[in-house]
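Below is upload.pdb, which holds PDB, C-alpha atoms.
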```pdb
ATOM      1  CA  ASP Y   1       0.000   0.000   0.000
ATOM      2  CA  ALA Y   2       3.035   2.262  -0.273
ATOM      3  CA  SER Y   3       3.005   5.252  -2.597
ATOM      4  CA  GLU Y   4       4.972   5.161  -5.852
ATOM      5  CA  TYR Y   5       7.387   7.725  -4.410
ATOM      6  CA  ALA Y   6       8.064   5.532  -1.352
ATOM      7  CA  ILE Y   7       8.640   2.489  -3.579
ATOM      8  CA  LEU Y   8      11.067   4.474  -5.757
ATOM      9  CA  ILE Y   9      13.008   5.695  -2.699
ATOM     10  CA  GLY Y  10      13.084   2.130  -1.350
ATOM     11  CA  LYS Y  11      14.528   0.767  -4.587
ATOM     12  CA  LYS Y  12      17.210   3.468  -4.691
ATOM     13  CA  LYS Y  13      18.211   2.780  -1.079
ATOM     14  CA  GLN Y  14      18.326  -0.931  -1.819
ATOM     15  CA  GLU Y  15      20.679  -0.326  -4.766
ATOM     16  CA  GLN Y  16      22.891   1.914  -2.582
ATOM     17  CA  LEU Y  17      23.045  -0.770   0.114
ATOM     18  CA  ALA Y  18      23.946  -3.426  -2.466
ATOM     19  CA  LYS Y  19      26.851  -1.280  -3.728
ATOM     20  CA  VAL Y  20      28.181  -0.755  -0.187
ATOM     21  CA  LEU Y  21      27.841  -4.438   0.729
ATOM     22  CA  GLU Y  22      29.488  -5.506  -2.526
ATOM     23  CA  LYS Y  23      32.867  -4.508  -1.081
ATOM     24  CA  VAL Y  24      32.536  -6.411   2.210
ATOM     25  CA  PHE Y  25      30.035  -9.174   1.597
ATOM     26  CA  LEU Y  26      31.017 -12.298  -0.296
ATOM     27  CA  SER Y  27      27.990 -13.734  -2.008
ATOM     28  CA  ARG Y  28      28.344 -17.328  -3.095
ATOM     29  CA  LYS Y  29      25.381 -18.520  -5.069
ATOM     30  CA  LYS Y  30      24.996 -22.152  -5.907
ATOM     31  CA  GLU Y  31      24.079 -21.274  -9.488
ATOM     32  CA  THR Y  32      27.484 -19.668 -10.112
ATOM     33  CA  GLU Y  33      30.013 -20.825  -7.504
ATOM     34  CA  LEU Y  34      28.863 -24.328  -6.677
ATOM     35  CA  LYS Y  35      27.211 -25.400  -9.914
ATOM     36  CA  ASP Y  36      29.869 -28.041 -10.644
ATOM     37  CA  THR Y  37      29.893 -29.596  -7.156
ATOM     38  CA  LEU Y  38      26.193 -29.814  -6.323
ATOM     39  CA  THR Y  39      24.076 -32.605  -7.667
ATOM     40  CA  GLU Y  40      20.509 -32.114  -8.777
ATOM     41  CA  LYS Y  41      18.019 -32.289  -5.975
ATOM     42  CA  GLU Y  42      15.653 -35.196  -6.328
ATOM     43  CA  GLU Y  43      12.511 -35.440  -4.236
ATOM     44  CA  LYS Y  44      10.403 -38.504  -3.885
ATOM     45  CA  VAL Y  45       7.126 -38.272  -2.019
ATOM     46  CA  ARG Y  46       5.595 -41.518  -0.906
ATOM     47  CA  PHE Y  47       2.149 -41.737   0.558
ATOM     48  CA  VAL Y  48       1.875 -44.504   3.096
ATOM     49  CA  ASP Y  49      -1.334 -45.611   4.764
ATOM     50  CA  LEU Y  50      -1.521 -45.438   8.520
ATOM     51  CA  SER Y  51      -1.129 -48.719  10.369
ATOM     52  CA  PRO Y  52      -4.238 -50.115  12.098
ATOM     53  CA  LEU Y  53      -2.789 -48.981  15.445
ATOM     54  CA  GLN Y  54      -2.273 -45.446  14.131
ATOM     55  CA  VAL Y  55      -5.848 -45.374  12.794
ATOM     56  CA  ASP Y  56      -7.215 -46.478  16.182
ATOM     57  CA  LEU Y  57      -5.125 -43.889  18.021
ATOM     58  CA  TYR Y  58      -6.090 -41.174  15.524
ATOM     59  CA  ARG Y  59      -9.795 -41.904  15.957
ATOM     60  CA  HIS Y  60      -9.432 -41.949  19.732
ATOM     61  CA  ILE Y  61      -7.513 -38.657  19.783
ATOM     62  CA  LEU Y  62     -10.238 -36.970  17.743
ATOM     63  CA  THR Y  63     -12.677 -37.795  20.567
ATOM     64  CA  LEU Y  64     -10.580 -35.946  23.174
ATOM     65  CA  PRO Y  65     -12.067 -32.639  24.389
ATOM     66  CA  ASP Y  66      -9.325 -30.485  22.835
ATOM     67  CA  PHE Y  67      -9.952 -31.955  19.393
ATOM     68  CA  VAL Y  68     -13.753 -31.946  19.679
ATOM     69  CA  LEU Y  69     -13.513 -28.274  20.619
ATOM     70  CA  LEU Y  70     -11.545 -27.544  17.437
ATOM     71  CA  THR Y  71     -13.489 -29.750  15.027
ATOM     72  CA  THR Y  72     -16.859 -28.355  16.110
ATOM     73  CA  ALA Y  73     -15.813 -24.718  16.601
ATOM     74  CA  ASN Y  74     -17.646 -23.448  13.502
ATOM     75  CA  ALA Y  75     -20.794 -25.530  13.992
ATOM     76  CA  ALA Y  76     -23.944 -23.762  15.167
ATOM     77  CA  CYS Y  77     -24.047 -23.516  18.958
ATOM     78  CA  ASP Y  78     -26.554 -25.906  20.521
ATOM     79  CA  CYS Y  79     -27.270 -23.869  23.667
ATOM     80  CA  GLY Y  80     -30.462 -22.357  22.227
ATOM     81  CA  VAL Y  81     -29.040 -19.097  20.902
ATOM     82  CA  ASN Y  82     -29.820 -20.229  17.327
ATOM     83  CA  LYS Y  83     -33.336 -21.466  18.109
ATOM     84  CA  ALA Y  84     -35.146 -18.721  16.153
ATOM     85  CA  PHE Y  85     -33.052 -19.328  13.040
ATOM     86  CA  PHE Y  86     -33.556 -23.100  13.022
ATOM     87  CA  THR Y  87     -37.249 -22.904  13.937
ATOM     88  CA  HIS Y  88     -37.853 -20.804  10.852
ATOM     89  CA  TYR Y  89     -35.441 -22.889   8.745
ATOM     90  CA  TYR Y  90     -37.149 -26.206   9.533
ATOM     91  CA  GLY Y  91     -40.545 -24.598   8.942
ATOM     92  CA  LEU Y  92     -39.603 -24.119   5.281
ATOM     93  CA  SER Y  93     -39.993 -26.818   2.678
ATOM     94  CA  PRO Y  94     -36.792 -28.779   2.003
ATOM     95  CA  GLY Y  95     -34.724 -27.828  -1.005
ATOM     96  CA  GLU Y  96     -34.507 -24.440  -2.696
ATOM     97  CA  GLU Y  97     -36.501 -22.539  -0.067
ATOM     98  CA  ARG Y  98     -34.235 -23.667   2.783
ATOM     99  CA  ARG Y  99     -31.111 -23.074   0.711
ATOM    100  CA  ARG Y 100     -32.186 -19.501  -0.113
ATOM    101  CA  TYR Y 101     -33.089 -18.776   3.528
ATOM    102  CA  TYR Y 102     -29.754 -20.163   4.697
ATOM    103  CA  GLN Y 103     -27.782 -18.085   2.158
ATOM    104  CA  ILE Y 104     -29.524 -14.885   3.272
ATOM    105  CA  HIS Y 105     -29.438 -15.498   7.040
ATOM    106  CA  LYS Y 106     -26.303 -17.608   7.608
ATOM    107  CA  THR Y 107     -24.514 -14.696   9.288
ATOM    108  CA  GLU Y 108     -27.137 -14.827  12.054
ATOM    109  CA  ILE Y 109     -25.979 -18.277  13.150
ATOM    110  CA  VAL Y 110     -23.824 -18.081  16.266
ATOM    111  CA  PRO Y 111     -20.977 -20.646  16.063
ATOM    112  CA  ARG Y 112     -19.925 -22.697  19.074
ATOM    113  CA  LYS Y 113     -16.582 -20.857  19.240
ATOM    114  CA  GLY Y 114     -18.427 -17.528  19.549
ATOM    115  CA  CYS Y 115     -20.796 -18.626  22.263
ATOM    116  CA  CYS Y 116     -20.343 -21.107  25.087
ATOM    117  CA  HIS Y 117     -17.852 -23.579  23.597
ATOM    118  CA  LYS Y 118     -14.581 -21.654  23.705
ATOM    119  CA  VAL Y 119     -13.376 -23.843  26.540
ATOM    120  CA  PRO Y 120     -13.416 -27.658  26.886
ATOM    121  CA  TRP Y 121     -15.849 -27.819  29.777
ATOM    122  CA  ALA Y 122     -16.260 -31.141  31.530
ATOM    123  CA  ALA Y 123     -19.646 -32.791  31.059
ATOM    124  CA  GLY Y 124     -22.056 -31.317  33.586
ATOM    125  CA  ALA Y 125     -19.672 -28.487  34.557
ATOM    126  CA  ASP Y 126     -21.205 -25.173  35.439
ATOM    127  CA  VAL Y 127     -20.088 -22.695  32.757
ATOM    128  CA  GLY Y 128     -17.923 -20.079  34.401
ATOM    129  CA  ASP Y 129     -16.715 -22.425  37.137
ATOM    130  CA  GLY Y 130     -13.096 -21.788  36.198
ATOM    131  CA  ALA Y 131     -10.403 -24.456  36.035
ATOM    132  CA  ARG Y 132     -12.416 -26.900  38.157
ATOM    133  CA  GLY Y 133     -14.963 -27.233  35.337
ATOM    134  CA  ILE Y 134     -12.415 -27.866  32.597
ATOM    135  CA  ASP Y 135     -12.367 -31.434  31.334
ATOM    136  CA  PRO Y 136      -9.317 -33.141  32.883
ATOM    137  CA  ARG Y 137      -8.582 -34.826  29.534
ATOM    138  CA  ALA Y 138      -8.131 -31.403  27.854
ATOM    139  CA  VAL Y 139      -4.357 -31.552  28.272
ATOM    140  CA  LEU Y 140      -3.485 -29.161  25.441
ATOM    141  CA  TRP Y 141      -5.948 -26.498  26.588
ATOM    142  CA  ARG Y 142      -4.764 -26.766  30.204
ATOM    143  CA  LYS Y 143      -1.119 -26.384  29.082
ATOM    144  CA  MET Y 144      -1.949 -23.204  27.156
ATOM    145  CA  HIS Y 145      -4.074 -21.816  30.019
ATOM    146  CA  PRO Y 146      -2.438 -22.693  33.350
ATOM    147  CA  ASP Y 147      -4.684 -20.161  35.094
ATOM    148  CA  GLY Y 148      -7.805 -21.955  33.778
ATOM    149  CA  LYS Y 149      -9.134 -18.848  32.033
ATOM    150  CA  GLU Y 150      -9.908 -18.537  28.346
ATOM    151  CA  CYS Y 151      -7.833 -16.258  26.163
ATOM    152  CA  PRO Y 152      -9.122 -14.037  23.318
ATOM    153  CA  ARG Y 153      -8.038 -16.632  20.726
ATOM    154  CA  CYS Y 154      -9.859 -19.595  22.300
ATOM    155  CA  PRO Y 155     -10.443 -22.230  21.033
ATOM    156  CA  HIS Y 156      -8.034 -21.678  18.127
ATOM    157  CA  CYS Y 157      -5.087 -21.095  20.465
ATOM    158  CA  ILE Y 158      -4.649 -24.878  20.703
ATOM    159  CA  MET Y 159      -4.767 -25.466  16.929
ATOM    160  CA  PHE Y 160      -1.000 -25.773  16.358
ATOM    161  CA  PRO Y 161      -0.300 -27.975  19.393
ATOM    162  CA  ALA Y 162      -3.182 -30.229  18.291
ATOM    163  CA  LEU Y 163      -1.891 -30.446  14.722
ATOM    164  CA  HIS Y 164       1.582 -31.177  16.057
ATOM    165  CA  LYS Y 165       0.276 -34.137  18.060
ATOM    166  CA  LEU Y 166      -1.578 -35.526  15.036
ATOM    167  CA  HIS Y 167       1.530 -35.052  12.876
ATOM    168  CA  LYS Y 168       3.625 -37.004  15.371
ATOM    169  CA  LEU Y 169       1.074 -39.810  15.398
ATOM    170  CA  CYS Y 170       0.978 -39.969  11.607
ATOM    171  CA  SER Y 171       4.768 -40.059  11.415
ATOM    172  CA  HIS Y 172       5.070 -42.971  13.825
ATOM    173  CA  ALA Y 173       2.882 -44.194  16.674
ATOM    174  CA  SER Y 174       5.871 -44.566  19.010
ATOM    175  CA  LEU Y 175       6.322 -40.775  18.960
ATOM    176  CA  MET Y 176       3.211 -40.563  21.147
ATOM    177  CA  GLN Y 177       5.064 -42.191  24.034
ATOM    178  CA  ALA Y 178       6.581 -39.956  26.689
ATOM    179  CA  GLU Y 179      10.034 -40.366  28.164
ATOM    180  CA  HIS Y 180       9.528 -38.522  31.445
ATOM    181  CA  GLU Y 181       6.585 -38.851  33.764
ATOM    182  CA  GLY Y 182       5.109 -35.454  34.589
ATOM    183  CA  SER Y 183       6.044 -33.907  31.237
ATOM    184  CA  GLU Y 184       3.527 -32.434  28.815
ATOM    185  CA  ASP Y 185       4.092 -35.391  26.489
ATOM    186  CA  HIS Y 186       3.368 -37.806  29.318
ATOM    187  CA  ALA Y 187       0.151 -36.004  30.223
ATOM    188  CA  PHE Y 188      -1.002 -36.145  26.601
ATOM    189  CA  ALA Y 189       0.078 -39.770  26.144
ATOM    190  CA  THR Y 190      -1.941 -40.712  29.238
ATOM    191  CA  VAL Y 191      -5.184 -39.518  27.632
ATOM    192  CA  ALA Y 192      -4.277 -40.233  23.998
ATOM    193  CA  ILE Y 193      -3.250 -43.858  24.375
ATOM    194  CA  PRO Y 194      -6.151 -45.837  25.817
ATOM    195  CA  PRO Y 195      -5.157 -48.813  28.006
ATOM    196  CA  GLU Y 196      -7.116 -51.284  25.858
ATOM    197  CA  LEU Y 197      -4.881 -50.674  22.816
ATOM    198  CA  PRO Y 198      -2.132 -53.296  22.262
TER     199      PRO Y 198
END
```

Translate this file's structure into structure tokens.
Amino acid sequence: DASEYAILIGKKKQEQLAKVLEKVFLSRKKETELKDTLTEKEEKVRFVDLSPLQVDLYRHILTLPDFVLLTTANAACDCGVNKAFFTHYYGLSPGEERRRYYQIHKTEIVPRKGCCHKVPWAAGADVGDGARGIDPRAVLWRKMHPDGKECPRCPHCIMFPALHKLHKLCSHASLMQAEHEGSEDHAFATVAIPPELP
């Protein structure tokens, strides 16, 4: 969004900097200096199916509160806040009429992440009860919120840690094991690896 004048000044300053650095900075590019010594890069991507154990673990992990919170974040909240929308919606005849109504009024739907599902509450917990009401199996959320209070980015604040755990599982199931008891990995492994799995 810079003005043309600012872009022109920037380019001139960049050229001046390049001339100054030319005297003190040795630039070795692989295209010129190392072209005879480097071999061509060859990439091979192989897609491998998950083992039955990995599939079982993956399915189990997706049932953990942290992952349910993320996978249902954009679904319509079921607390009753969307009752008027869905009452009218289901009163319409199926097909084109419902589709048109949905297209016009979809912004009125309050998602779970914008209502009362920003935090992985334990079943039957009183909303607002603080850390005591957080599901004890929500290891990732608890790690990100040691004070038990939601942050402005909830529930998406646990997205990268959750993806990291799934990536580890898909790479190799043994990466889910924890070396030290009491570590974050151990806490997650305790809930992620059910005792009935071999």

Problem set entry | Residues within 8 Å of stretch 107-121 of chain Y, all atoms listed in the file, excluding chain neighbours under 4 positions, as a ChimeraX atom specification | /Y:65-66,69,72-79,81-82,85,125,127,133-135,138,141,150,154-155

Seminar exercise, completed: Using all atoms listed in the file, the best pick from Y:Glu43, Y:Asp56, Y:Asp185, Y:Glu97 as closest to Y:Lys165 would be Y:Asp185

Exercise. Which one is closest to Y:Cys157: Y:Pro94, Y:Glu40, Y:Lys29, Y:Leu70? Count only C-alpha atoms.
Worked result: Y:Leu70

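Atom pair atom CA of Y:Ala192 / atom CA of Y:Ala122 has a distance of 16.8 Å (rounded to one decimal).
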
Exercise. For Y:His186, which residue among Y:Leu169, Y:Val139, Y:Ile158, Y:Val20 is the nearest when counting all atoms listed in the file?
Worked result: Y:Val139

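Note that atom CA of Y:Leu62 and atom CA of Y:Tyr102 are 28.9 Å apart.
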
Once 6 Å is added on each side, what are the centre and the three edge lengths, in Å to one decimal, of the axis-aligned box enclosing the listed atoms of stretch 145-162 of chain Y? Present them as JSON.
```
{"center_x": -5.4, "center_y": -22.1, "center_z": 25.7, "size_x": 22.1, "size_y": 28.2, "size_z": 30.7}
```

For this session: Figure out the distance between atom CA of Y:Thr71 and atom CA of Y:Ala84, please, to one decimal in Å.
Result: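 Separating atom CA of Y:Ala84 from atom CA of Y:Thr71 is a distance of 24.3 Å.
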
Exercise. Quick one: of Y:Arg98, Y:Lys12, Y:Lys143, Y:Lys41, who's nearest to Y:Ala162, counting only C-alpha atoms?
Worked result: Y:Lys143

N, CA, C and O atoms modelled onto stretch 132-149 of chain Y, as a PDB file, in the frame of the given file:
```
ATOM      1  N   ARG Y 132     -11.817 -25.682  37.621  1.00  0.00           N
ATOM      2  CA  ARG Y 132     -12.416 -26.900  38.157  1.00  0.00           C
ATOM      3  C   ARG Y 132     -13.397 -27.528  37.172  1.00  0.00           C
ATOM      4  O   ARG Y 132     -13.620 -28.715  37.191  1.00  0.00           O
ATOM      5  N   GLY Y 133     -13.992 -26.712  36.287  1.00  0.00           N
ATOM      6  CA  GLY Y 133     -14.963 -27.233  35.337  1.00  0.00           C
ATOM      7  C   GLY Y 133     -14.367 -27.661  34.015  1.00  0.00           C
ATOM      8  O   GLY Y 133     -15.080 -28.163  33.164  1.00  0.00           O
ATOM      9  N   ILE Y 134     -13.083 -27.482  33.843  1.00  0.00           N
ATOM     10  CA  ILE Y 134     -12.415 -27.866  32.597  1.00  0.00           C
ATOM     11  C   ILE Y 134     -12.247 -29.385  32.592  1.00  0.00           C
ATOM     12  O   ILE Y 134     -11.872 -29.978  33.590  1.00  0.00           O
ATOM     13  N   ASP Y 135     -12.511 -29.993  31.455  1.00  0.00           N
ATOM     14  CA  ASP Y 135     -12.367 -31.434  31.334  1.00  0.00           C
ATOM     15  C   ASP Y 135     -10.917 -31.821  31.634  1.00  0.00           C
ATOM     16  O   ASP Y 135      -9.986 -31.260  31.045  1.00  0.00           O
ATOM     17  N   PRO Y 136     -10.699 -32.767  32.531  1.00  0.00           N
ATOM     18  CA  PRO Y 136      -9.317 -33.141  32.883  1.00  0.00           C
ATOM     19  C   PRO Y 136      -8.551 -33.759  31.720  1.00  0.00           C
ATOM     20  O   PRO Y 136      -7.326 -33.792  31.726  1.00  0.00           O
ATOM     21  N   ARG Y 137      -9.263 -34.244  30.694  1.00  0.00           N
ATOM     22  CA  ARG Y 137      -8.582 -34.826  29.534  1.00  0.00           C
ATOM     23  C   ARG Y 137      -8.163 -33.766  28.518  1.00  0.00           C
ATOM     24  O   ARG Y 137      -7.522 -34.079  27.530  1.00  0.00           O
ATOM     25  N   ALA Y 138      -8.493 -32.499  28.764  1.00  0.00           N
ATOM     26  CA  ALA Y 138      -8.131 -31.403  27.854  1.00  0.00           C
ATOM     27  C   ALA Y 138      -6.711 -30.933  28.158  1.00  0.00           C
ATOM     28  O   ALA Y 138      -6.475 -29.806  28.593  1.00  0.00           O
ATOM     29  N   VAL Y 139      -5.751 -31.790  27.912  1.00  0.00           N
ATOM     30  CA  VAL Y 139      -4.357 -31.552  28.272  1.00  0.00           C
ATOM     31  C   VAL Y 139      -3.767 -30.358  27.521  1.00  0.00           C
ATOM     32  O   VAL Y 139      -3.077 -29.526  28.108  1.00  0.00           O
ATOM     33  N   LEU Y 140      -4.048 -30.253  26.233  1.00  0.00           N
ATOM     34  CA  LEU Y 140      -3.485 -29.161  25.441  1.00  0.00           C
ATOM     35  C   LEU Y 140      -4.032 -27.814  25.905  1.00  0.00           C
ATOM     36  O   LEU Y 140      -3.285 -26.842  26.037  1.00  0.00           O
ATOM     37  N   TRP Y 141      -5.342 -27.752  26.149  1.00  0.00           N
ATOM     38  CA  TRP Y 141      -5.948 -26.498  26.588  1.00  0.00           C
ATOM     39  C   TRP Y 141      -5.401 -26.101  27.949  1.00  0.00           C
ATOM     40  O   TRP Y 141      -5.071 -24.941  28.185  1.00  0.00           O
ATOM     41  N   ARG Y 142      -5.287 -27.056  28.858  1.00  0.00           N
ATOM     42  CA  ARG Y 142      -4.764 -26.766  30.204  1.00  0.00           C
ATOM     43  C   ARG Y 142      -3.314 -26.267  30.137  1.00  0.00           C
ATOM     44  O   ARG Y 142      -2.918 -25.406  30.904  1.00  0.00           O
ATOM     45  N   LYS Y 143      -2.522 -26.826  29.225  1.00  0.00           N
ATOM     46  CA  LYS Y 143      -1.119 -26.384  29.082  1.00  0.00           C
ATOM     47  C   LYS Y 143      -1.053 -24.932  28.619  1.00  0.00           C
ATOM     48  O   LYS Y 143      -0.228 -24.156  29.088  1.00  0.00           O
ATOM     49  N   MET Y 144      -1.948 -24.564  27.689  1.00  0.00           N
ATOM     50  CA  MET Y 144      -1.949 -23.204  27.156  1.00  0.00           C
ATOM     51  C   MET Y 144      -2.572 -22.199  28.129  1.00  0.00           C
ATOM     52  O   MET Y 144      -2.366 -21.006  27.993  1.00  0.00           O
ATOM     53  N   HIS Y 145      -3.353 -22.687  29.084  1.00  0.00           N
ATOM     54  CA  HIS Y 145      -4.074 -21.816  30.019  1.00  0.00           C
ATOM     55  C   HIS Y 145      -3.885 -22.313  31.449  1.00  0.00           C
ATOM     56  O   HIS Y 145      -4.814 -22.837  32.064  1.00  0.00           O
ATOM     57  N   PRO Y 146      -2.688 -22.178  32.001  1.00  0.00           N
ATOM     58  CA  PRO Y 146      -2.438 -22.693  33.350  1.00  0.00           C
ATOM     59  C   PRO Y 146      -3.311 -22.040  34.416  1.00  0.00           C
ATOM     60  O   PRO Y 146      -3.562 -22.633  35.459  1.00  0.00           O
ATOM     61  N   ASP Y 147      -3.813 -20.830  34.128  1.00  0.00           N
ATOM     62  CA  ASP Y 147      -4.684 -20.161  35.094  1.00  0.00           C
ATOM     63  C   ASP Y 147      -6.137 -20.613  34.969  1.00  0.00           C
ATOM     64  O   ASP Y 147      -6.984 -20.233  35.784  1.00  0.00           O
ATOM     65  N   GLY Y 148      -6.452 -21.442  33.950  1.00  0.00           N
ATOM     66  CA  GLY Y 148      -7.805 -21.955  33.778  1.00  0.00           C
ATOM     67  C   GLY Y 148      -8.777 -20.971  33.158  1.00  0.00           C
ATOM     68  O   GLY Y 148      -9.978 -21.223  33.112  1.00  0.00           O
ATOM     69  N   LYS Y 149      -8.259 -19.868  32.632  1.00  0.00           N
ATOM     70  CA  LYS Y 149      -9.134 -18.848  32.033  1.00  0.00           C
ATOM     71  C   LYS Y 149      -8.924 -18.815  30.526  1.00  0.00           C
ATOM     72  O   LYS Y 149      -7.811 -18.963  30.041  1.00  0.00           O
TER      73      LYS Y 149
END
```
